[in-house]
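With compact mmCIF, C-alpha atoms and all ligand atoms inside, this is entry-v1.txt:
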# COMPACT_ATOMS: atom_id res chain seq x y z
CA THR T 1 -9.12 -26.92 -9.45
CA GLN T 2 -10.92 -24.23 -7.47
CA SER T 3 -9.83 -20.68 -8.29
CA THR T 4 -8.60 -18.37 -5.55
CA ARG T 5 -10.10 -14.98 -4.67
CA PRO T 6 -7.12 -13.09 -6.15
CA GLN T 7 -7.51 -15.10 -9.37
CA ARG T 8 -11.21 -14.20 -9.52
CA LEU T 9 -10.33 -10.56 -8.85
CA LEU T 10 -7.81 -10.63 -11.74
CA SER T 11 -10.44 -12.21 -14.04
CA ALA T 12 -12.84 -9.38 -13.16
CA VAL T 13 -10.14 -6.84 -14.13
CA GLN T 14 -9.41 -8.61 -17.45
CA LYS T 15 -13.14 -8.82 -18.19
CA ASN T 16 -14.30 -5.35 -17.11
CA ALA T 17 -11.30 -3.01 -17.30
CA THR T 18 -9.61 -1.50 -20.36
CA ARG T 19 -5.94 -2.37 -20.89
CA GLY T 20 -3.76 0.67 -20.19
CA ASP T 21 -6.48 2.49 -18.25
CA PRO T 22 -5.58 2.51 -14.53
CA CYS T 23 -8.84 4.15 -13.47
CA SER T 24 -10.88 1.38 -15.12
CA VAL T 25 -8.75 -1.22 -13.29
CA VAL T 26 -9.44 0.47 -9.92
CA LYS T 27 -13.16 0.73 -10.72
CA ALA T 28 -13.36 -2.92 -11.81
CA ILE T 29 -11.76 -4.11 -8.55
CA ASP T 30 -14.00 -1.91 -6.38
CA GLN T 31 -17.09 -3.11 -8.26
CA PHE T 32 -15.99 -6.76 -7.87
CA CYS T 33 -15.34 -6.32 -4.12
CA ARG T 34 -18.62 -4.47 -3.51
CA SER T 35 -20.86 -6.75 -5.54
CA LYS T 36 -19.14 -10.15 -5.63
CA GLU T 37 -16.43 -10.81 -3.01
CA TRP T 38 -14.90 -8.65 -0.27
CA ALA T 39 -11.11 -8.39 -0.55
CA MET T 40 -8.54 -6.53 1.56
CA ASN T 41 -7.77 -3.70 -0.91
CA VAL T 42 -7.54 -0.23 0.62
CA GLY T 43 -10.77 0.40 -1.31
CA ASP T 44 -12.48 3.44 -2.81
CA GLU T 45 -13.20 5.48 0.33
CA LYS T 46 -9.73 5.24 1.93
CA GLY T 47 -8.34 5.21 -1.64
CA CYS T 48 -9.51 8.81 -2.11
CA ILE T 49 -7.59 9.84 1.01
CA LEU T 50 -4.54 7.96 -0.32
CA ASP T 51 -4.92 9.79 -3.66
CA SER T 52 -5.04 13.20 -1.98
CA VAL T 53 -1.91 12.51 0.09
CA VAL T 54 -0.02 11.30 -3.02
CA SER T 55 -1.21 14.19 -5.21
CA GLU T 56 -0.30 16.79 -2.58
CA LEU T 57 3.17 15.26 -2.01
CA ASN T 58 4.01 14.49 -5.65
CA PRO T 59 6.61 11.91 -4.54
CA THR T 60 9.43 10.61 -6.75
CA THR T 61 10.26 7.62 -4.49
CA VAL T 62 7.52 5.51 -2.90
CA LEU T 63 7.72 2.29 -0.88
CA GLU T 64 4.60 0.12 -0.44
CA LEU T 65 4.63 -2.64 2.17
CA GLY T 66 2.08 -5.27 1.22
CA THR T 67 1.03 -5.38 -2.45
CA TYR T 68 -1.75 -7.99 -2.27
CA CYS T 69 -3.42 -7.77 -5.72
CA GLY T 70 -1.90 -4.42 -6.64
CA TYR T 71 -4.96 -2.20 -6.12
CA SER T 72 -3.17 0.52 -4.11
CA THR T 73 -0.06 0.03 -6.24
CA VAL T 74 -2.11 1.05 -9.31
CA ARG T 75 -3.80 3.94 -7.46
CA ILE T 76 -0.46 5.37 -6.34
CA ALA T 77 1.50 4.73 -9.56
CA ASN T 78 -1.26 6.36 -11.60
CA LEU T 79 -0.61 9.65 -9.77
CA LEU T 80 3.21 9.62 -9.91
CA PRO T 81 5.16 12.07 -12.08
CA PRO T 82 7.25 10.64 -14.96
CA HIS T 83 10.48 8.90 -13.81
CA ALA T 84 9.07 8.44 -10.29
CA LYS T 85 9.52 4.93 -8.84
CA LEU T 86 7.26 2.82 -6.65
CA ILE T 87 8.84 -0.21 -4.96
CA THR T 88 6.24 -2.62 -3.55
CA LEU T 89 7.07 -5.59 -1.32
CA GLU T 90 4.84 -8.69 -1.24
CA PHE T 91 5.49 -11.76 0.89
CA ASN T 92 3.00 -14.14 -0.72
CA PRO T 93 4.15 -15.39 -4.17
CA ASP T 94 0.57 -16.15 -5.30
CA PHE T 95 -0.52 -12.59 -4.45
CA ALA T 96 2.61 -11.25 -6.19
CA ALA T 97 1.83 -13.20 -9.38
CA ILE T 98 -1.69 -11.75 -9.51
CA ALA T 99 -0.47 -8.24 -8.68
CA ARG T 100 2.06 -8.31 -11.55
CA GLN T 101 -0.79 -9.03 -13.98
CA VAL T 102 -3.07 -6.35 -12.50
CA ILE T 103 -0.23 -3.79 -12.70
CA ALA T 104 0.54 -4.87 -16.29
CA TRP T 105 -3.14 -4.58 -17.28
CA SER T 106 -3.14 -1.00 -15.98
CA GLY T 107 -0.05 -0.24 -18.13
CA LEU T 108 1.95 1.10 -15.17
CA GLU T 109 4.72 -1.51 -15.00
CA GLU T 110 7.35 1.13 -15.94
CA LYS T 111 6.77 2.92 -12.63
CA VAL T 112 6.50 -0.15 -10.41
CA GLN T 113 9.06 -2.60 -9.08
CA LEU T 114 7.38 -5.51 -7.26
CA VAL T 115 9.78 -7.44 -5.03
CA GLU T 116 8.82 -10.74 -3.39
CA GLY T 117 9.88 -11.29 0.17
CA ALA T 118 9.36 -10.31 3.80
CA SER T 119 9.68 -6.61 4.62
CA GLY T 120 12.01 -7.34 7.53
CA ASP T 121 14.45 -9.10 5.21
CA LEU T 122 14.16 -6.71 2.23
CA ILE T 123 14.21 -3.26 3.88
CA PRO T 124 17.91 -3.51 4.89
CA LYS T 125 18.80 -4.36 1.27
CA ILE T 126 16.92 -1.54 -0.47
CA LYS T 127 19.74 1.04 -0.62
CA GLN T 128 22.26 -1.39 -2.12
CA ASP T 129 19.90 -3.48 -4.29
CA PHE T 130 17.35 -0.97 -5.53
CA GLY T 131 19.33 2.25 -5.78
CA VAL T 132 16.98 4.28 -3.60
CA GLN T 133 18.51 6.41 -0.86
CA THR T 134 15.39 7.73 0.88
CA PHE T 135 11.61 7.49 0.35
CA ASP T 136 9.32 10.50 0.01
CA LEU T 137 6.33 8.30 0.89
CA VAL T 138 5.86 4.88 2.55
CA PHE T 139 2.42 3.20 2.39
CA LEU T 140 2.13 0.58 5.16
CA ASP T 141 -0.47 -2.10 4.39
CA HIS T 142 1.15 -5.41 5.33
CA TRP T 143 1.11 -7.47 8.55
CA LYS T 144 -0.25 -5.14 11.20
CA ASP T 145 2.31 -6.29 13.78
CA ARG T 146 5.12 -5.39 11.36
CA TYR T 147 4.25 -1.68 11.04
CA LEU T 148 6.22 -0.66 14.15
CA PRO T 149 9.30 -2.87 13.77
CA ASP T 150 9.57 -2.00 10.08
CA THR T 151 9.25 1.74 10.81
CA LYS T 152 12.12 1.47 13.31
CA LEU T 153 14.05 -0.58 10.72
CA MET T 154 13.52 2.10 8.03
CA GLU T 155 14.77 4.75 10.48
CA ALA T 156 17.82 2.63 11.32
CA CYS T 157 18.59 1.99 7.63
CA GLY T 158 18.43 5.73 6.87
CA LEU T 159 15.55 5.29 4.42
CA LEU T 160 13.60 8.25 5.88
CA ARG T 161 14.57 11.90 5.55
CA LYS T 162 13.16 15.09 7.09
CA GLY T 163 9.69 15.37 5.55
CA SER T 164 9.25 11.71 4.55
CA ILE T 165 5.63 10.69 4.96
CA LEU T 166 4.38 7.39 6.40
CA LEU T 167 0.76 6.59 5.48
CA ALA T 168 -0.60 3.57 7.36
CA ASP T 169 -3.76 1.62 6.47
CA ASN T 170 -5.92 -0.25 9.02
CA VAL T 171 -4.82 1.62 12.13
CA ILE T 172 -8.28 0.90 13.66
CA CYS T 173 -9.35 -2.33 11.91
CA PRO T 174 -7.61 -4.78 12.18
CA GLY T 175 -5.64 -2.18 14.20
CA THR T 176 -2.01 -1.35 14.84
CA PRO T 177 -2.02 -0.09 18.46
CA ASP T 178 1.73 -0.22 19.12
CA TYR T 179 2.47 1.61 15.84
CA LEU T 180 -0.15 4.31 16.58
CA GLU T 181 1.21 4.86 20.10
CA TYR T 182 4.73 5.21 18.70
CA VAL T 183 4.09 7.72 15.88
CA ARG T 184 1.66 9.75 18.02
CA SER T 185 3.99 10.03 21.05
CA SER T 186 7.39 10.24 19.35
CA PRO T 187 8.84 13.78 19.01
CA ARG T 188 10.28 12.63 15.68
CA TYR T 189 6.84 12.40 14.03
CA GLU T 190 3.92 14.74 13.41
CA SER T 191 0.83 12.51 13.07
CA GLN T 192 -2.70 13.03 11.75
CA TYR T 193 -5.61 10.57 11.69
CA PHE T 194 -7.97 10.39 8.69
CA LYS T 195 -11.18 8.73 9.86
CA SER T 196 -12.81 6.48 7.30
CA HIS T 197 -14.24 2.95 7.03
CA LEU T 198 -12.89 -0.54 6.47
CA GLU T 199 -12.95 -1.13 2.72
CA TYR T 200 -16.43 -1.89 1.32
CA THR T 201 -18.03 -1.86 4.83
CA LYS T 202 -19.51 0.51 7.44
CA VAL T 203 -16.97 -0.59 10.07
CA GLU T 204 -14.73 2.25 11.31
CA ASP T 205 -11.13 2.28 10.09
CA GLY T 206 -8.73 5.02 9.06
CA LEU T 207 -5.36 6.06 7.74
CA GLU T 208 -2.64 7.60 9.92
CA LYS T 209 -0.38 10.10 8.15
CA SER T 210 2.92 10.69 9.95
CA VAL T 211 5.60 13.14 8.83
CA PHE T 212 9.15 12.18 9.85
CA LEU T 213 10.82 15.24 11.37
CA GLY T 214 14.39 13.92 11.09
N1 LIG T 301 6.43 -7.93 2.23
C1 LIG T 301 5.73 -8.31 3.30
N2 LIG T 301 6.35 -8.44 4.47
C2 LIG T 301 5.65 -8.84 5.55
N3 LIG T 301 4.35 -9.16 5.52
C3 LIG T 301 3.71 -9.08 4.36
C4 LIG T 301 4.33 -8.63 3.23
N4 LIG T 301 3.45 -8.65 2.22
C5 LIG T 301 2.30 -9.08 2.74
N5 LIG T 301 2.45 -9.37 4.01
C6 LIG T 301 1.52 -9.98 4.91
C7 LIG T 301 0.09 -9.93 4.65
O1 LIG T 301 -0.31 -8.71 3.96
C8 LIG T 301 -1.67 -8.45 4.02
C9 LIG T 301 -1.87 -7.56 5.22
N6 LIG T 301 -3.16 -6.86 5.19
C10 LIG T 301 -4.14 -7.30 5.97
O2 LIG T 301 -3.98 -8.29 6.67
C11 LIG T 301 -5.45 -6.58 5.96
C12 LIG T 301 -6.53 -7.18 6.59
C13 LIG T 301 -7.78 -6.55 6.61
C14 LIG T 301 -8.94 -7.19 7.28
C15 LIG T 301 -9.11 -8.57 7.23
C16 LIG T 301 -10.20 -9.17 7.86
C17 LIG T 301 -11.12 -8.38 8.55
F1 LIG T 301 -12.17 -8.95 9.15
C18 LIG T 301 -10.96 -7.01 8.63
C19 LIG T 301 -9.86 -6.41 7.99
C20 LIG T 301 -7.96 -5.32 5.96
C21 LIG T 301 -6.88 -4.73 5.33
O3 LIG T 301 -6.99 -3.52 4.69
C22 LIG T 301 -5.61 -5.34 5.33
O4 LIG T 301 -4.58 -4.68 4.73
MG MG T 302 -5.13 -2.66 4.32

Represent the structure contained in this file as structure tokens.
Amino acid sequence: TQSTRPQRLLSAVQKNATRGDPCSVVKAIDQFCRSKEWAMNVGDEKGCILDSVVSELNPTTVLELGTYCGYSTVRIANLLPPHAKLITLEFNPDFAAIARQVIAWSGLEEKVQLVEGASGDLIPKIKQDFGVQTFDLVFLDHWKDRYLPDTKLMEACGLLRKGSILLADNVICPGTPDYLEYVRSSPRYESQYFKSHLEYTKVEDGLEKSVFLG
């Protein structure tokens, strides 16, 4: 049977990256996506912006919406202090299965909890099921029309505290216009746009960093 793109991406990691070396896993995926097949990872250019936000914040609780193959999961987890936790939600079971293996290859499974399901269903259960009260950082990278409803849901569920940071991928391409309008006009957020490019292309895209003011 024909392999899928995530399966071919995983094979490239197992072939070209060193077990237990997160940086080699990130490099192997970027090389695969630049030279063989484009895939919707945040990528190396926006990935550097992601790294700087994570390093500056030094978060102990992180939520990622949309795991895909685990590329940004590995980038973020690699920068977390000991005992920090990253919870990542993935809707597609095939993507989740690949991501688990990519995360395991990087040796970061201790810091990562991958949960399968839709963000809208899982977010209300996080406090009771995953023992996290609030998140220091949320990385939004799932369905672009879920960014706004899920942000309102996280507010309603008390998962954000004064100073929590939302970092959103793809605010230009594919675009999240309603989300951008909300975080840029709401008095409860202080927003900043980091101009970049759609992963592995010259097309404009960027990350929006929004601090929740409580
Ligand atoms: N737990 C959950 N709950 C709800 N929904 C969930 C979920 N987990 C996953 N999903 C849904 C799907 O997740 C993937 C979403 N990501 C993208 O679609 C994406 C697309 C492009 C892209 C594609 C084609 C172009 F031409 C140009 C750009 C680039 C990106 O960087 C993207 O991130
Ligand atoms: Mg993305």

Given only C-alpha atoms as the basis, pick out the residue of T:Gln31, T:Thr151, T:Asn58, T:Asn16 nearest to Asp136 in chain T.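 The shortest atom-to-atom distance to Asp136 in chain T comes from T:Asn58.
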
So, with all atoms listed in the file as the atoms that count, which of T:Thr4, T:Ser191, T:Asn170, T:Ser72 lies closest to Lys27 in chain T?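 Nearest to Lys27 in chain T: T:Ser72.
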
Which residues form the shell of 6 Å around ligand LIG 301 (chain T) when you count all atoms listed in the file, given as JSON, numbers by chain? {"T": [40, 41, 42, 65, 66, 89, 90, 91, 117, 118, 119, 141, 142, 143, 170, 173, 174]}

Skipping near chain neighbours, those fewer than 6 positions away, what residues fall within 10 Å of Gly70 in chain T using all atoms listed in the file, listed as a compact mmCIF listing (two decimals) with C-alpha atoms, in the frame of the given file?
# COMPACT_ATOMS: atom_id res chain seq x y z
CA LEU T 10 -7.81 -10.63 -11.74
CA VAL T 26 -9.44 0.47 -9.92
CA ASN T 41 -7.77 -3.70 -0.91
CA ILE T 76 -0.46 5.37 -6.34
CA THR T 88 6.24 -2.62 -3.55
CA GLU T 90 4.84 -8.69 -1.24
CA PHE T 95 -0.52 -12.59 -4.45
CA ALA T 96 2.61 -11.25 -6.19
CA ALA T 97 1.83 -13.20 -9.38
CA ILE T 98 -1.69 -11.75 -9.51
CA ALA T 99 -0.47 -8.24 -8.68
CA ARG T 100 2.06 -8.31 -11.55
CA GLN T 101 -0.79 -9.03 -13.98
CA VAL T 102 -3.07 -6.35 -12.50
CA ILE T 103 -0.23 -3.79 -12.70
CA ALA T 104 0.54 -4.87 -16.29
CA LEU T 114 7.38 -5.51 -7.26

Which residues, written as a PyMOL selection string, have at least one atom at most 10 Å from range 176-188 of chain T, with all atoms listed in the file counted and residues fewer than 5 positions away on the same chain left out? chain T and resi 143-152+162+166+168-171+193+208-214

For Glu37 in chain T, the nearest of the candidates T:Thr18, T:Thr60, T:Ser55, T:Gln7, counting all atoms listed in the file: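 Distance minimum relative to Glu37 in chain T lands on T:Gln7.
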